[in-house]
Structures are given as C-alpha cells and as structure tokens.
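As provided, target_32.txt (compact mmCIF, C-alpha atoms and all ligand atoms) reads as follows.
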```
# COMPACT_ATOMS: atom_id res chain seq x y z
CA MET W 180 8.11 -22.58 -24.09
CA ASP W 181 8.33 -25.89 -22.29
CA TYR W 182 5.38 -26.14 -19.94
CA LYS W 183 4.67 -29.36 -18.05
CA GLN W 184 1.00 -29.28 -18.86
CA LYS W 185 -0.56 -28.14 -22.14
CA GLU W 186 -4.17 -28.51 -21.07
CA GLY W 187 -6.13 -29.07 -17.91
CA LYS W 188 -8.93 -28.02 -15.63
CA VAL W 189 -9.01 -26.20 -12.30
CA PHE W 190 -11.82 -25.41 -9.89
CA SER W 191 -11.90 -22.88 -7.05
CA GLN W 192 -14.12 -21.17 -4.51
CA GLY W 193 -13.65 -17.54 -3.45
CA PRO W 194 -15.57 -15.99 -0.56
CA SER W 195 -17.12 -12.58 -0.26
CA ASN W 196 -15.77 -10.52 2.67
CA ILE W 197 -17.17 -7.81 4.90
CA ALA W 198 -14.94 -4.91 5.91
CA ILE W 199 -15.06 -3.49 9.44
CA VAL W 200 -12.59 -0.70 8.57
CA LYS W 201 -13.53 0.31 5.02
CA TYR W 202 -11.34 0.68 1.93
CA TRP W 203 -12.56 3.88 0.25
CA GLY W 204 -10.38 5.75 -2.26
CA LYS W 205 -7.48 4.39 -4.30
CA LYS W 206 -4.43 5.13 -6.41
CA GLU W 207 -3.41 3.27 -9.58
CA VAL W 208 -3.65 0.27 -9.75
CA GLN W 209 -6.05 -0.51 -6.93
CA LEU W 210 -3.63 0.66 -4.24
CA PRO W 211 -5.66 1.84 -1.25
CA PHE W 212 -5.61 5.35 0.27
CA ASN W 213 -6.02 3.75 3.71
CA THR W 214 -5.72 0.47 5.59
CA SER W 215 -8.76 -1.78 5.92
CA VAL W 216 -9.71 -4.85 7.97
CA SER W 217 -12.29 -7.51 7.08
CA PHE W 218 -13.34 -11.09 7.57
CA SER W 219 -14.05 -13.61 4.82
CA LEU W 220 -17.52 -15.12 4.74
CA ASP W 221 -18.39 -18.79 4.89
CA LYS W 222 -21.39 -19.21 2.60
CA CYS W 223 -21.41 -16.27 0.17
CA LEU W 224 -19.02 -17.70 -2.41
CA THR W 225 -18.18 -17.64 -6.10
CA ASN W 226 -17.44 -21.01 -7.73
CA THR W 227 -15.12 -20.80 -10.71
CA SER W 228 -13.82 -23.41 -13.13
CA ILE W 229 -11.23 -22.91 -15.84
CA ASN W 230 -10.63 -25.31 -18.72
CA TYR W 231 -7.39 -24.38 -20.43
CA TYR W 232 -5.29 -25.46 -23.37
CA SER W 233 -2.16 -24.07 -24.99
CA CYS W 234 -2.59 -21.76 -28.00
CA LYS W 235 -0.90 -22.26 -31.33
CA LYS W 236 -0.23 -18.55 -31.66
CA LEU W 237 2.37 -17.41 -29.16
CA ASP W 238 2.17 -14.20 -27.12
CA GLU W 239 -1.60 -13.90 -27.25
CA TYR W 240 -3.81 -15.10 -24.45
CA SER W 241 -7.51 -15.56 -25.07
CA PHE W 242 -10.50 -16.49 -22.96
CA SER W 243 -14.23 -17.03 -22.91
CA PHE W 244 -16.40 -16.26 -19.89
CA LEU W 245 -19.81 -17.55 -18.80
CA PHE W 246 -21.65 -16.52 -15.65
CA ASP W 247 -24.47 -18.93 -14.73
CA ASP W 248 -23.85 -20.48 -18.19
CA LYS W 249 -24.62 -17.17 -19.91
CA PRO W 250 -22.25 -14.64 -21.54
CA ASN W 251 -21.60 -11.45 -19.56
CA PRO W 252 -20.09 -8.87 -21.95
CA ASN W 253 -19.63 -6.19 -19.25
CA PHE W 254 -17.60 -8.48 -17.03
CA GLU W 255 -15.63 -9.69 -20.07
CA ILE W 256 -14.35 -6.14 -20.65
CA LYS W 257 -13.24 -5.96 -17.00
CA LEU W 258 -11.61 -9.40 -17.28
CA LYS W 259 -9.55 -8.31 -20.27
CA GLN W 260 -8.21 -5.37 -18.27
CA PHE W 261 -7.52 -7.76 -15.35
CA PHE W 262 -5.53 -10.17 -17.55
CA ASN W 263 -3.49 -7.28 -18.98
CA ARG W 264 -2.65 -6.24 -15.41
CA ILE W 265 -1.53 -9.69 -14.25
CA ILE W 266 0.36 -10.82 -17.34
CA ASP W 267 3.72 -9.81 -15.82
CA LEU W 268 2.98 -11.87 -12.69
CA LEU W 269 1.83 -14.92 -14.71
CA PRO W 270 3.72 -14.68 -18.04
CA TRP W 271 2.65 -18.22 -19.09
CA LEU W 272 -0.90 -16.86 -19.53
CA LYS W 273 0.13 -15.57 -22.98
CA HIS W 274 0.36 -19.11 -24.27
CA PHE W 275 -3.07 -20.37 -23.21
CA HIS W 276 -6.74 -20.16 -24.02
CA LEU W 277 -9.02 -20.18 -20.94
CA ASP W 278 -12.71 -21.17 -20.83
CA ILE W 279 -13.92 -19.64 -17.55
CA LYS W 280 -17.25 -20.44 -15.90
CA SER W 281 -18.53 -18.82 -12.70
CA SER W 282 -21.58 -18.87 -10.48
CA ASN W 283 -22.42 -17.53 -7.03
CA THR W 284 -23.85 -19.43 -4.06
CA PHE W 285 -25.86 -16.38 -2.94
CA PRO W 286 -29.07 -15.33 -4.69
CA HIS W 287 -28.51 -13.38 -7.89
CA SER W 288 -31.05 -10.81 -6.74
CA SER W 289 -29.62 -10.22 -3.27
CA GLY W 290 -27.73 -7.07 -4.23
CA ILE W 291 -24.57 -8.46 -2.58
CA ALA W 292 -21.42 -7.17 -4.26
CA SER W 293 -19.68 -10.07 -5.89
CA SER W 294 -16.44 -8.54 -7.18
CA ALA W 295 -14.47 -9.70 -4.10
CA SER W 296 -15.67 -13.29 -4.37
CA SER W 297 -15.33 -13.30 -8.19
CA TYR W 298 -11.76 -12.10 -8.29
CA SER W 299 -10.61 -14.12 -5.30
CA ALA W 300 -12.04 -17.27 -6.94
CA LEU W 301 -10.26 -16.34 -10.17
CA ALA W 302 -6.95 -15.64 -8.42
CA ILE W 303 -7.16 -18.98 -6.58
CA ALA W 304 -8.03 -20.83 -9.83
CA LEU W 305 -5.11 -19.14 -11.62
CA SER W 306 -2.78 -20.14 -8.78
CA GLU W 307 -3.89 -23.78 -9.28
CA MET W 308 -3.17 -23.41 -12.99
CA HIS W 309 0.24 -22.03 -12.10
CA VAL W 310 1.01 -25.19 -10.12
CA GLN W 311 -0.14 -27.47 -12.95
CA ILE W 312 1.71 -25.53 -15.64
CA THR W 313 4.99 -24.65 -13.93
CA GLY W 314 5.15 -27.23 -11.14
CA GLU W 315 5.64 -24.41 -8.61
CA SER W 316 3.32 -22.82 -6.03
CA LEU W 317 2.53 -19.12 -5.77
CA SER W 318 2.88 -17.51 -2.34
CA PRO W 319 -0.30 -16.38 -0.51
CA GLU W 320 0.92 -12.79 -0.98
CA ILE W 321 1.07 -13.12 -4.79
CA ILE W 322 -2.36 -14.78 -4.90
CA SER W 323 -3.79 -11.89 -2.88
CA GLU W 324 -2.00 -9.39 -5.15
CA ILE W 325 -3.50 -11.01 -8.26
CA ALA W 326 -6.99 -10.71 -6.73
CA ARG W 327 -6.32 -7.03 -5.87
CA LEU W 328 -5.56 -6.27 -9.50
CA GLY W 329 -9.13 -7.37 -10.30
CA SER W 330 -10.88 -5.62 -7.43
CA GLY W 331 -9.24 -3.99 -4.42
CA SER W 332 -11.35 -5.63 -1.74
CA ALA W 333 -10.83 -9.06 -3.37
CA CYS W 334 -7.28 -9.19 -2.01
CA ARG W 335 -8.82 -9.64 1.45
CA SER W 336 -10.77 -12.70 0.23
CA THR W 337 -7.96 -15.06 -0.75
CA HIS W 338 -7.25 -15.93 2.91
CA LYS W 339 -9.80 -17.33 5.34
CA GLY W 340 -10.84 -15.49 8.50
CA TRP W 341 -9.50 -12.04 9.45
CA ASN W 342 -7.42 -9.92 7.05
CA LEU W 343 -5.54 -6.63 7.07
CA TRP W 344 -4.76 -4.73 3.87
CA GLY W 345 -2.61 -1.60 3.61
CA LYS W 346 0.65 -0.34 5.04
CA ILE W 347 0.80 0.85 8.63
CA ASN W 348 4.01 1.37 10.54
CA GLU W 349 2.82 -0.63 13.54
CA HIS W 350 2.31 -3.81 11.49
CA GLU W 351 4.06 -5.89 8.83
CA SER W 352 1.37 -5.08 6.29
CA ASN W 353 1.41 -3.95 2.72
CA ASP W 354 -0.56 -1.95 0.13
CA ARG W 355 -0.04 -4.62 -2.54
CA TYR W 356 -1.70 -7.53 -0.76
CA ALA W 357 -3.66 -8.47 2.35
CA VAL W 358 -2.17 -10.41 5.26
CA SER W 359 -3.92 -12.84 7.56
CA ILE W 360 -4.24 -11.60 11.15
CA ASN W 361 -6.01 -14.68 12.52
CA ASN W 362 -3.32 -15.35 15.10
CA GLU W 363 -3.72 -11.83 16.51
CA VAL W 364 -7.46 -12.21 17.12
CA HIS W 365 -9.01 -13.18 20.44
CA GLU W 366 -11.18 -16.31 20.37
CA ALA W 367 -14.22 -14.11 21.15
CA PHE W 368 -14.16 -13.16 17.44
CA ASN W 369 -13.36 -16.62 16.01
CA ASN W 370 -16.93 -17.41 15.13
CA ILE W 371 -18.46 -14.00 14.46
CA GLN W 372 -21.87 -14.15 12.77
CA ASP W 373 -23.00 -11.93 9.88
CA THR W 374 -26.69 -11.86 8.98
CA ILE W 375 -27.19 -9.80 5.83
CA LEU W 376 -30.55 -8.00 5.68
CA ILE W 377 -31.52 -7.46 2.05
CA VAL W 378 -33.20 -4.06 2.13
CA SER W 379 -33.06 -3.75 -1.65
CA ASN W 380 -31.78 -6.03 -4.38
CA LYS W 381 -31.62 -3.32 -7.04
CA GLN W 382 -28.36 -2.59 -8.82
CA LYS W 383 -26.94 0.51 -7.13
CA GLU W 384 -27.07 3.76 -9.06
CA ILE W 385 -23.47 4.76 -8.35
CA SER W 386 -20.82 2.04 -8.57
CA SER W 387 -18.00 1.65 -6.05
CA THR W 388 -15.58 2.55 -8.87
CA VAL W 389 -17.19 6.00 -9.14
CA GLY W 390 -17.34 6.27 -5.33
CA HIS W 391 -13.59 5.62 -5.08
CA GLN W 392 -12.91 8.26 -7.76
CA LEU W 393 -14.94 10.85 -5.87
CA MET W 394 -12.48 10.47 -2.96
CA ASN W 395 -9.68 12.01 -5.08
CA ASN W 396 -10.98 15.55 -4.58
CA HIS W 397 -13.09 14.93 -1.52
CA PRO W 398 -13.06 17.80 1.03
CA TYR W 399 -12.52 15.24 3.86
CA LYS W 400 -9.91 13.14 2.05
CA GLU W 401 -7.00 13.64 4.47
CA ALA W 402 -9.25 13.41 7.54
CA ARG W 403 -10.72 10.16 6.20
CA ILE W 404 -7.31 8.59 5.64
CA ASN W 405 -6.29 9.46 9.21
CA GLN W 406 -9.60 8.25 10.62
CA ALA W 407 -9.33 4.86 8.86
CA ASN W 408 -5.71 4.34 9.86
CA ASN W 409 -6.50 5.23 13.50
CA ASN W 410 -9.57 2.99 13.45
CA THR W 411 -7.42 0.14 12.13
CA LEU W 412 -5.09 0.43 15.14
CA LEU W 413 -8.04 0.64 17.54
CA LEU W 414 -9.71 -2.32 15.85
CA LEU W 415 -6.58 -4.48 15.99
CA ASN W 416 -6.47 -3.75 19.69
CA ALA W 417 -10.16 -4.60 20.17
CA LEU W 418 -9.71 -7.84 18.21
CA LYS W 419 -6.65 -8.79 20.23
CA HIS W 420 -8.36 -8.27 23.59
CA GLY W 421 -11.79 -9.64 22.70
CA ASN W 422 -13.35 -6.21 23.29
CA TRP W 423 -16.80 -6.41 21.64
CA GLU W 424 -17.90 -2.97 22.83
CA LEU W 425 -15.01 -1.18 21.16
CA PHE W 426 -15.28 -3.46 18.14
CA LEU W 427 -18.94 -2.51 17.52
CA GLU W 428 -18.25 1.18 18.13
CA ILE W 429 -15.59 1.14 15.38
CA ALA W 430 -17.69 -1.01 13.00
CA GLU W 431 -20.72 1.30 13.19
CA SER W 432 -18.65 4.48 13.00
CA GLU W 433 -16.84 3.14 9.89
CA ALA W 434 -20.09 2.12 8.18
CA LEU W 435 -21.75 5.50 8.77
CA SER W 436 -18.55 7.39 7.89
CA LEU W 437 -18.44 5.56 4.55
CA HIS W 438 -21.99 6.69 3.80
CA GLY W 439 -21.21 10.17 5.14
CA LEU W 440 -18.36 10.37 2.61
CA MET W 441 -20.75 9.45 -0.18
CA MET W 442 -23.25 12.09 0.93
CA SER W 443 -20.55 14.77 1.13
CA SER W 444 -18.83 13.90 -2.20
CA LYS W 445 -19.20 16.24 -5.15
CA PRO W 446 -21.69 15.26 -6.46
CA GLY W 447 -23.14 13.80 -3.28
CA TYR W 448 -25.35 10.73 -3.28
CA THR W 449 -27.22 8.47 -0.88
CA LEU W 450 -27.38 4.68 -1.00
CA LEU W 451 -29.08 4.15 2.38
CA LEU W 452 -32.85 3.77 2.27
CA PRO W 453 -35.43 4.66 4.94
CA GLU W 454 -35.59 0.93 5.86
CA SER W 455 -31.81 0.87 6.42
CA LEU W 456 -32.17 3.65 9.02
CA GLN W 457 -35.16 1.97 10.67
CA ILE W 458 -33.12 -1.22 11.04
CA ILE W 459 -30.12 0.67 12.50
CA THR W 460 -32.35 2.39 15.06
CA LYS W 461 -33.90 -0.91 16.13
CA ILE W 462 -30.53 -2.68 16.42
CA ARG W 463 -29.22 0.06 18.71
CA ALA W 464 -32.34 -0.06 20.89
CA PHE W 465 -32.17 -3.87 21.07
CA ARG W 466 -28.50 -3.73 22.11
CA GLU W 467 -29.32 -1.20 24.80
CA SER W 468 -32.19 -3.23 26.27
CA SER W 469 -30.78 -6.76 25.87
CA LYS W 470 -27.11 -5.94 26.61
CA ILE W 471 -26.23 -8.38 23.80
CA PRO W 472 -23.15 -7.25 21.82
CA VAL W 473 -24.88 -6.91 18.48
CA GLY W 474 -24.20 -4.17 15.94
CA PHE W 475 -24.05 -3.47 12.24
CA THR W 476 -21.84 -2.66 9.33
CA ILE W 477 -22.80 -1.58 5.81
CA ASP W 478 -21.07 -1.77 2.44
CA ALA W 479 -21.66 0.56 -0.50
CA GLY W 480 -25.39 -0.14 -0.65
CA PRO W 481 -28.55 -0.11 1.50
CA ASN W 482 -28.24 -3.66 2.92
CA ILE W 483 -27.36 -4.05 6.60
CA HIS W 484 -24.90 -6.64 7.93
CA ILE W 485 -25.75 -7.56 11.53
CA ILE W 486 -22.68 -8.75 13.41
CA TYR W 487 -22.69 -10.59 16.74
CA PRO W 488 -21.05 -13.49 18.62
CA ASP W 489 -22.26 -17.02 17.84
CA THR W 490 -23.10 -17.45 21.54
CA ASN W 491 -26.02 -14.99 21.06
CA LYS W 492 -27.21 -16.44 17.76
CA LYS W 493 -30.57 -17.69 19.04
CA GLU W 494 -31.73 -14.37 20.57
CA VAL W 495 -30.44 -12.26 17.67
CA LEU W 496 -32.07 -14.44 15.00
CA GLU W 497 -35.35 -14.27 16.89
CA PHE W 498 -35.05 -10.47 17.02
CA ILE W 499 -34.28 -10.33 13.28
CA GLU W 500 -37.18 -12.57 12.38
CA THR W 501 -39.76 -10.76 14.51
CA GLU W 502 -38.57 -7.13 14.34
CA LEU W 503 -36.35 -6.61 11.31
CA SER W 504 -37.36 -8.95 8.48
CA ILE W 505 -40.42 -6.74 7.79
CA HIS W 506 -38.02 -4.03 6.57
CA CYS W 507 -36.32 -6.39 4.08
CA GLN W 508 -37.26 -6.85 0.46
CA ASP W 509 -39.45 -9.98 0.35
CA LYS W 510 -38.38 -10.51 4.00
CA LEU W 511 -35.06 -11.78 2.67
CA TYR W 512 -31.97 -12.11 4.84
CA ILE W 513 -28.93 -14.31 4.46
CA GLN W 514 -27.41 -16.07 7.44
CA ASP W 515 -23.63 -16.16 7.15
CA LYS W 516 -20.57 -16.09 9.39
CA ILE W 517 -16.80 -15.87 9.27
CA SER W 518 -15.11 -18.68 7.31
CA SER W 519 -13.45 -21.15 9.66
CA PHE W 520 -9.68 -20.89 9.81
C1 LIG W 601 -17.35 -0.25 0.26
O1 LIG W 601 -13.18 -3.46 -3.94
O2 LIG W 601 -15.47 -3.07 -4.93
O3 LIG W 601 -16.91 -2.55 -0.07
O4 LIG W 601 -11.20 -1.80 -6.08
O5 LIG W 601 -12.81 -0.54 -7.51
O6 LIG W 601 -13.01 -3.03 -7.30
P1 LIG W 601 -12.59 -1.72 -6.64
O7 LIG W 601 -13.59 -1.48 -5.42
P2 LIG W 601 -14.21 -2.49 -4.39
O8 LIG W 601 -14.57 -1.49 -3.19
C2 LIG W 601 -15.29 -1.95 -2.11
C3 LIG W 601 -15.39 -0.95 -1.06
C4 LIG W 601 -16.28 -1.30 0.12
C5 LIG W 601 -15.46 -1.32 1.39
C6 LIG W 601 -14.52 -2.47 1.59
O9 LIG W 601 -14.83 -3.61 1.17
O10 LIG W 601 -13.48 -2.25 2.22
```
Using structure tokens, write down the structure that the file contains.
Amino acid sequence: MDYKQKEGKVFSQGPSNIAIVKYWGKKEVQLPFNTSVSFSLDKCLTNTSINYYSCKKLDEYSFSFLFDDKPNPNFEIKLKQFFNRIIDLLPWLKHFHLDIKSSNTFPHSSGIASSASSYSALAIALSEMHVQITGESLSPEIISEIARLGSGSACRSTHKGWNLWGKINEHESNDRYAVSINNEVHEAFNNIQDTILIVSNKQKEISSTVGHQLMNNHPYKEARINQANNNTLLLLNALKHGNWELFLEIAESEALSLHGLMMSSKPGYTLLLPESLQIITKIRAFRESSKIPVGFTIDAGPNIHIIYPDTNKKEVLEFIETELSIHCQDKLYIQDKISSF
C-alpha cells in the first residue's frame, strides 16, 4: 500500500429526490425491475462528514457512525452491508478507519424518506476521499453506482436536476447507475416546485424494502414493468416539449399506481390516509377551476408532494395555506424545488 494520504477529512451534501416515474421492485443488488425518472431537491439534504485515518491492520476496514451526534445501531448494520458491497469498487477502503457523522436539513419528524439523501451524501463523500487517497477522480457513473448499492433511489441523487435510471432501448441509460437528462428537458421544467405536505410524520408500518420484495410475486408484476417503461418514454417526451398537462397526468397516474400495487400485494397494505385523499381531491378541483398546471406525486407514505411551475408559486402557496394545510400534521409543509443545475 502506498497511498498519498494517510488521514484526512471530507464533507458532502446529498439531496433527497422525488420520482415522477417510480422505482418499485428490484433484483440483486438493487437493480431495478423498471426505469424511473426523478428530480433532485434543493433544500432536503443530508450533510455528511468523514474523518479517516489508515489502519494498522491491513485488509479490515472499520467505521463509526453518528446521526445527529447520536449512535444509530440500525443504520450501522445497513452501513456494514453497504461497505461490503462497495469494497470491490473502492479497494483502498480496507486500509482505513472512518468516523462518519450525518445530519439532515429537513425536520427529523417530517416522515421524509432519507435513504436517498443519506447514501448520495455518503457516495459523494467517499468520492472525495478517493481523490485525496489515490489522486484520481471517480466518474459520475461510478459515484451514482456506489449510491445505488446503499439504496436504489439514491443513485438518482448524486446528480443535480433531472435523472433517468434503468435501461431502455430508446436511451443511453443503464440499470447500474442514473444518468443526467437535464439537457433533454424543456426550460418549462427547469425550476419545478415541490411543496411537501406532511400528512403524518409517523414511521411507516411497512418499509420500502418489504414493498419491493412483494413485487417479486405480484399478480401485476409484468404489467407494472411495462407501464413504468411506457410512462418513462411518455414522460421524456413531455419533459422535452414542455408539456405540463401530459407531465401531470403521468405523475399522478404513477403515484396512484404505486399505491395500487401496495394495496394489491399479498399481503396488501395501505399507506395513504384519509387526509391524503382529501388533499388529492382538492388539488384536482383547484387545477380544474384555476387552470393552473398543479398536480401531485406521492412516495411510499401518506405525504403529498405538490408539483407546479415556479411562475404559479404565489397562487399555489396561497391555496396550500388556506385550503390544504389544515389536513397536515401540525399544519406542517416543506417548501422545496428542483436543485439548480
Ligand atoms: C417509492 O430506494 O428506498 O421512493 O433500494 O430498497 O433502498 P431500496 O429502496 P428505495 O425505494 C424507493 C421507492 C420509491 C420510488 C422511487 O423513489 O422511485
């Protein structure tokens, strides 16, 4: 071993992302059943720092992990699995001890999934370490691949703006990492807003990991894969031509299909709450009456992401404040948007 640097410190930020076409179902290791498309957020971030130094014992990496300055044994188990998966991509890891510290910029109790921001921040921090230790840079593809090995959706968070993950014949894309599609997106979507309505901040009863597993024997598995791949092509077209109407149609259909898949799994389950449905109904009525291109998407939980152009921000925020915040837990909503690229 002859590494340039034997100790050092790196710091990174990884954003959360919101999928418009959803990743749901996977093969080993975190390879998606279908293509997905998302945008990275601007304010919902994980901050990560790593202090590292070389170990005396060779061939044995070690680490400590603190979240908000406190130990998190559950995440430590997942991290160990993550390091075992990436050791072939970053073989120098074996010779170092890492003290990792993380915190999120969004409220702890918001119920926002943080695996995408956590693993993208980690992948970016590890890529900085790679530069310091070897003197060479990792490609954006490898950084995205490292994040994917932590959490599938995290591979779409290592690039800013719009991302595509998963192989389709019509595009130079890949199952192993996400690619940026910013230069294929019309300027109408350059500054898309995402206001996240916190309907419940409770930990969900069924994790995404279990949800993905239930897709293996799902009665609609093949139909879902076709639907998502077709929706990806339609979405790429809508993004290219600045077509908000088609964009919102796909976004809402994908969100409700995801929840339909959960309801029709064996066993079936529901994550949407009555308030989620009340909000959806009001958004659709508001769109109809105002003619403003505003719609929603939903991840694996009850919270509703309201998506709309920045040019309509004033009217939509007024609508949210007066009509929708009453359905949120403690009237909480988080104002975010696409990360600038
Ligand atoms: C519903 O990326 O959290 O948010 O790969 O098991 O870590 P793992 O799953 P995860 O799944 C997220 C799925 C989703 C949709 C999406 O982001 O595409």
Could I get the residues of chain W with an atom no further than 9 Å from an atom of ligand LIG 601 (chain W), each paired with its nearest atom pair and that distance in Å to one decimal, using only C-alpha atoms and all ligand atoms, sorted by chain and residue number, as CSV?
```
residue,atom,partner,partner_atom,distance
W:Asn196,CA,W:LIG601,O9,7.1
W:Ile197,CA,W:LIG601,O9,6.1
W:Ala198,CA,W:LIG601,O10,4.8
W:Ile199,CA,W:LIG601,O10,7.5
W:Val200,CA,W:LIG601,O10,6.6
W:Lys201,CA,W:LIG601,O10,3.8
W:Tyr202,CA,W:LIG601,O10,3.6
W:Trp203,CA,W:LIG601,C3,5.7
W:Gly204,CA,W:LIG601,O8,8.4
W:Lys205,CA,W:LIG601,O4,7.4
W:Val208,CA,W:LIG601,O4,8.6
W:Gln209,CA,W:LIG601,O4,5.4
W:Leu210,CA,W:LIG601,O4,8.2
W:Pro211,CA,W:LIG601,O4,8.2
W:Thr214,CA,W:LIG601,O10,8.9
W:Ser215,CA,W:LIG601,O10,6.0
W:Val216,CA,W:LIG601,O10,7.4
W:Ser217,CA,W:LIG601,O10,7.3
W:Ala292,CA,W:LIG601,O2,7.3
W:Ser293,CA,W:LIG601,O2,8.2
W:Ser294,CA,W:LIG601,O2,6.0
W:Ala295,CA,W:LIG601,O1,6.4
W:Arg327,CA,W:LIG601,O4,7.2
W:Leu328,CA,W:LIG601,O4,8.0
W:Gly329,CA,W:LIG601,O6,6.5
W:Ser330,CA,W:LIG601,O6,3.4
W:Gly331,CA,W:LIG601,O4,3.4
W:Ser332,CA,W:LIG601,O1,3.6
W:Ala333,CA,W:LIG601,O1,6.1
W:Cys334,CA,W:LIG601,O1,8.4
W:Arg335,CA,W:LIG601,O9,8.5
W:Ser386,CA,W:LIG601,O2,8.2
W:Ser387,CA,W:LIG601,O7,5.4
W:Thr388,CA,W:LIG601,O5,4.4
W:Val389,CA,W:LIG601,O5,8.0
W:Gly390,CA,W:LIG601,O5,8.5
W:His391,CA,W:LIG601,O5,6.7
W:Gln392,CA,W:LIG601,O5,8.8
W:Ala434,CA,W:LIG601,C1,8.7
W:Leu437,CA,W:LIG601,C1,7.3
W:Ile477,CA,W:LIG601,C1,7.9
W:Asp478,CA,W:LIG601,C1,4.6
W:Ala479,CA,W:LIG601,C1,4.5
W:Gly480,CA,W:LIG601,C1,8.1
```
#### Entry: Nearest candidate to Leu451 of chain W (options W:Thr284, W:Asn370, W:Ser379, W:Asn342; using all atoms listed in the file)
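Ranking W:Thr284, W:Asn370, W:Ser379, W:Asn342 by distance to Leu451 of chain W, first place goes to W:Ser379.
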#### Entry: Within 8 Å of Ile375 of chain W using all atoms listed in the file, minus same-chain residues under 4 positions, as number ranges by chain
W: 482-485, 512-515
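We find atom CA of Gly474 of chain W and atom CA of Phe368 of chain W to be spaced 13.6 Å apart.
Among the candidate residues W:His397, W:Thr374, W:Lys461, W:Tyr448, the one lying nearest to Tyr487 of chain W is W:Thr374, with distances computed using only C-alpha atoms.
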### Message
Report as a PyMOL selection string all protein, DNA and RNA residues lying within 7 Å of segment 361-364 of chain W, evaluated on only C-alpha atoms, omitting residues in the same chain fewer than 2 positions from it.
### Response
chain W and resi 340-341+359+366+368+418-419
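Distances to Lys383 of chain W were evaluated for W:Ile291, W:Leu224, W:Leu258, W:Leu269 using all atoms listed in the file, and the minimum falls at W:Ile291.
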### Query
Restricting the calculation to only C-alpha atoms, which member of W:Leu220, W:Leu440, W:Leu415, W:Ala302 is positioned closest to Glu401 of chain W?
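The answer is W:Leu440, which sits nearest to Glu401 of chain W.
With all atoms listed in the file as the atoms that count, the minimum distance from Ala367 of chain W to the choices W:Lys222, W:Lys257, W:His420, W:Lys206 is reached by W:His420.
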#### Entry: Long-range neighbours of Val473 of chain W as a list in words, 10 Å cut-off, only C-alpha atoms, 3 positions minimum in chain
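So the residues in contact are Gln372, Trp423, Glu424, Leu427, Ile462, Arg463, Phe465, Arg466, Glu467, Ser469, Lys470, Ile485, Ile486, Tyr487, Pro488, Asn491, Lys492 and Val495 of chain W.
Using all atoms listed in the file, the nearest neighbour of Ile377 of chain W within the list W:Ser241, W:Leu452, W:Asn263, W:Leu301 is W:Leu452.
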### Message
So the first atom is atom CA of Asn416 of chain W and the second is atom CA of His365 of chain W; what is the distance between them in Å, to one decimal place?
### Response
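Atom CA of Asn416 of chain W sits 9.8 Å away from atom CA of His365 of chain W.
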### Query
Got a sec: who's within 7 Å of Glu431 of chain W, counting all atoms listed in the file, leaving out chain neighbours fewer than 4 positions off, as a ChimeraX atom specification?
/W:427,435,475-476
### Message
For a test of reading the model, state the distance in Å between atom CA of Leu511 of chain W and atom CA of Asn380 of chain W, rounded to one decimal.
### Response
9.7 Å
Listed atoms of segment 468-479 of chain W boxed along x, y and z, 5 Å each side, centre and edge lengths in Å, one decimal, as AutoDock Vina command-line options:
```
--center_x -26.6 --center_y -3.9 --center_z 13.1 --size_x 21.1 --size_y 18.9 --size_z 37.1
```
### Message
as JSON, numbers by chain, please: the residues near Lys400 of chain W (cut-off 10 Å, only C-alpha atoms, same-chain neighbours under 5 positions excluded).
### Response
{"W": [203, 204, 212, 393, 394, 395, 405, 406, 440, 444]}
